[in-house]
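Below you'll find the structure, written out as structure tokens, and then a few comments.
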Amino acid sequence: GAGVSQTPSNKVTEKGKYVELRCDPISGHTALYWYRQSLGQGPEFLIYFQGTGAADDSGLPNDRFFAVRPEGSVSTLKIQRTERGDSAVYLCASAGETQYFGPGTRLLVL
Amino acid sequence: AQKVTQAQTEISVVEKEDVTLDCVYETRDTTYYLFWYKQPPSGELVFLIRRNSFDEQNEISGRYSWNFQKSTSSFNFTITASQVVDSAVYFCALSELSGGYNKLIFGAGTRLAVHP
């Protein structure tokens with residue numbers, strides 16, 4: 001079937017605004033991960049879902065970041081009161097034994 | 001603490017040269033996985049290989065080969081007869097199995113440029 005898809009591919013917003021980033025995992029994968037990749041760095045773990053529940057959210061940088069996966073499939077990463085430092089590529093991966101990544105959402109906060 | 005170090009920030013080679021990308025990792029666990037991913041200019045991370053900590057056999061896949069040595073905590077990646085299409089950023093990653101899932105710890109990546 002199709003791979004992991006993420007929308008939007010690019011998002012430009014102003015400081016202080018709210019954004020939502022969507023991830024559509026590979027069908028049948030129960031595990032879903034969010035990572036953030038800043039320019040010139042490797043991806044950094046944000047949160048892990050097993051089914052509908054967030055089993056590990058230790059990577060979320062602060063309480064402005066939140067993610068949901070209400071039906072155990074599509075996940076949404078939500079960022080409140082965006083800051084310029086939130087600018088990065090947000091990657092989603094779904095997994096059986098191996099994590100397969102989506103193309104990412106490039107977020108730019110002006 | 002878990003850590004992955006890719007000391008080579010950038011490598012530049014001419015087509016058909018062999019090139020080795022280094023990866024050194026730190027972990028306290030005895031059970032873990034090691035990975036390599038390729039990130040071409042398009043940005044998507046492409047899975048290349050997964051290796052578990054109990055399997056130290058080297059692996060070859062076409063022009064790609066991997067050398068896993070627990071004694072030196074290294075998992076190096078060699079591309080033989082490099083091609084321009086190999087130009088990308090390559091990431092080594094580590095995951096531990098505590099909790100039954102694979103949270104990946106990535107290195108900073110090595111940017112490989114293959115010139116014609």
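Here's how to read the names in the structure tokens: chain A, B, ... by the order shown, residue numbers from 1 in each chain, ligand numbers from 1 in the order shown.
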Under the rule of at most 8 Å, produce a per-residue listing of chain A near chain B: chain, number, name, the closest pair of atoms, and the distance in Å, as JSON lines, using only C-alpha atoms.
```
{"residue": "A:Gly40", "atom": "CA", "partner": "B:Ala108", "partner_atom": "CA", "distance": 7.3}
{"residue": "A:Gln41", "atom": "CA", "partner": "B:Ala108", "partner_atom": "CA", "distance": 4.9}
{"residue": "A:Gly42", "atom": "CA", "partner": "B:Ala108", "partner_atom": "CA", "distance": 4.6}
{"residue": "A:Pro43", "atom": "CA", "partner": "B:Phe106", "partner_atom": "CA", "distance": 6.2}
{"residue": "A:Glu44", "atom": "CA", "partner": "B:Ile105", "partner_atom": "CA", "distance": 7.0}
{"residue": "A:Phe45", "atom": "CA", "partner": "B:Leu104", "partner_atom": "CA", "distance": 6.9}
{"residue": "A:Tyr48", "atom": "CA", "partner": "B:Lys103", "partner_atom": "CA", "distance": 7.7}
{"residue": "A:Thr98", "atom": "CA", "partner": "B:Arg50", "partner_atom": "CA", "distance": 7.6}
{"residue": "A:Gln99", "atom": "CA", "partner": "B:Phe47", "partner_atom": "CA", "distance": 7.8}
{"residue": "A:Tyr100", "atom": "CA", "partner": "B:Phe47", "partner_atom": "CA", "distance": 6.8}
{"residue": "A:Phe101", "atom": "CA", "partner": "B:Leu45", "partner_atom": "CA", "distance": 5.8}
{"residue": "A:Gly102", "atom": "CA", "partner": "B:Glu44", "partner_atom": "CA", "distance": 6.4}
{"residue": "A:Pro103", "atom": "CA", "partner": "B:Glu44", "partner_atom": "CA", "distance": 4.5}
{"residue": "A:Gly104", "atom": "CA", "partner": "B:Glu44", "partner_atom": "CA", "distance": 7.0}
```
Give me, as number ranges by chain, the residues of chain B that a backbone DSSP run labels strand (DSSP E). B: 3-5, 10-14, 19-21, 24-26, 32-39, 46-52, 59-61, 64-69, 74-79, 88-96, 103-106, 110-115
Val109 (chain A) surroundings by only C-alpha atoms, 9 Å radius, close-in-sequence under 6 positions cut, as a ChimeraX atom specification: /A:11-17,82-88
Nearest to Arg51 (chain B) by atom-to-atom distance, counting only C-alpha atoms, from B:His115, B:Lys70, B:Lys3, B:Lys38: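 Checking each candidate against Arg51 (chain B), we get B:Lys70 as the closest.
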Between A:Arg22, A:Ser94, A:Phe65, A:Val4, which residue has the minimum interatomic distance to Gln50 (chain A), considering only C-alpha atoms?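 With only C-alpha atoms as the atom set, the closest residue is A:Ser94.
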Can you list, as a PyMOL selection string, every protein, DNA or RNA residue that comes within 9 Å of Ile11 (chain B) when you count only C-alpha atoms, leaving out same-chain residues fewer than 2 positions away? chain B and resi 8-9+13+19+21+110-114
Please dump the current selection as a short mmCIF file (atom, residue, chain, number, x, y, z; two decimals), in the first residue's frame; keep N, CA, C and O atoms.
```cif
data_model
loop_
_atom_site.label_atom_id
_atom_site.label_comp_id
_atom_site.auth_asym_id
_atom_site.auth_seq_id
_atom_site.Cartn_x
_atom_site.Cartn_y
_atom_site.Cartn_z
N GLN B 8 32.22 12.35 10.73
CA GLN B 8 32.43 12.96 9.41
C GLN B 8 31.21 13.82 9.07
O GLN B 8 30.12 13.31 8.87
N THR B 9 31.42 15.11 9.00
CA THR B 9 30.30 16.00 8.68
C THR B 9 30.00 15.96 7.19
O THR B 9 28.84 15.86 6.78
N VAL B 13 33.63 12.78 -2.81
CA VAL B 13 34.38 11.79 -3.58
C VAL B 13 34.05 11.96 -5.05
O VAL B 13 33.05 12.60 -5.42
N VAL B 19 33.68 4.61 -0.55
CA VAL B 19 33.63 5.56 0.57
C VAL B 19 33.03 4.86 1.78
O VAL B 19 32.09 4.06 1.65
N LEU B 21 31.41 5.48 5.60
CA LEU B 21 30.81 6.42 6.55
C LEU B 21 30.88 5.79 7.94
O LEU B 21 30.43 4.66 8.14
N THR B 110 26.06 12.42 7.98
CA THR B 110 27.23 12.69 7.12
C THR B 110 26.71 13.03 5.74
O THR B 110 25.97 12.24 5.13
N ARG B 111 27.10 14.20 5.26
CA ARG B 111 26.68 14.61 3.92
C ARG B 111 27.69 14.08 2.92
O ARG B 111 28.88 14.42 2.99
N LEU B 112 27.23 13.24 2.01
CA LEU B 112 28.09 12.65 0.98
C LEU B 112 27.80 13.32 -0.35
O LEU B 112 26.66 13.36 -0.79
N ALA B 113 28.85 13.83 -0.96
CA ALA B 113 28.73 14.42 -2.30
C ALA B 113 29.58 13.59 -3.25
O ALA B 113 30.79 13.43 -3.04
N VAL B 114 28.93 13.03 -4.25
CA VAL B 114 29.64 12.24 -5.26
C VAL B 114 29.64 13.04 -6.55
O VAL B 114 28.59 13.37 -7.11
#
```
Please identify which residues in chain B DSSP calls helix (DSSP H, G or I) from the backbone, and express them as a count of residues only. 9
Contact residues around Asn10 (chain A) with only C-alpha atoms at 8 Å, ignoring same-chain residues under 2 positions, as a list of chain:residue names: A:Thr7, A:Pro8, A:Val12, A:Thr105, A:Arg106, A:Leu107, A:Leu108
Selected residues, C-alpha atoms, written as a PDB file, in the first residue's frame, please.
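Below is the file selection.pdb, written as the result:
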```
ATOM      1  CA  THR A   7       0.272  17.324   5.207  1.00  0.00           C
ATOM      2  CA  PRO A   8       0.921  20.102   4.603  1.00  0.00           C
ATOM      3  CA  VAL A  12       4.504  29.235   7.029  1.00  0.00           C
ATOM      4  CA  THR A 105       6.264  19.038   7.040  1.00  0.00           C
ATOM      5  CA  ARG A 106       8.597  21.996   6.773  1.00  0.00           C
ATOM      6  CA  LEU A 107       7.412  24.552   9.331  1.00  0.00           C
ATOM      7  CA  LEU A 108       8.622  28.131   9.181  1.00  0.00           C
TER       8      LEU A 108
END
```
When you count only C-alpha atoms, which of these residues is closest to Lys78 (chain A): A:Glu20, A:Asp63, A:Glu97, A:Asp57? A:Glu20
Residues at most 12 Å from Asp18 (chain B), counting only C-alpha atoms, excluding those fewer than 2 positions away in the same chain, as a list in words? Ile11, Ser12, Val13, Val14, Glu15, Lys16, Thr20, Leu21, Arg63, Tyr64, Ser65, Phe77, Thr78, Ile79, Thr80, Ala81, Ser82, Gln83, Asp86, Leu112 and Val114 of chain B
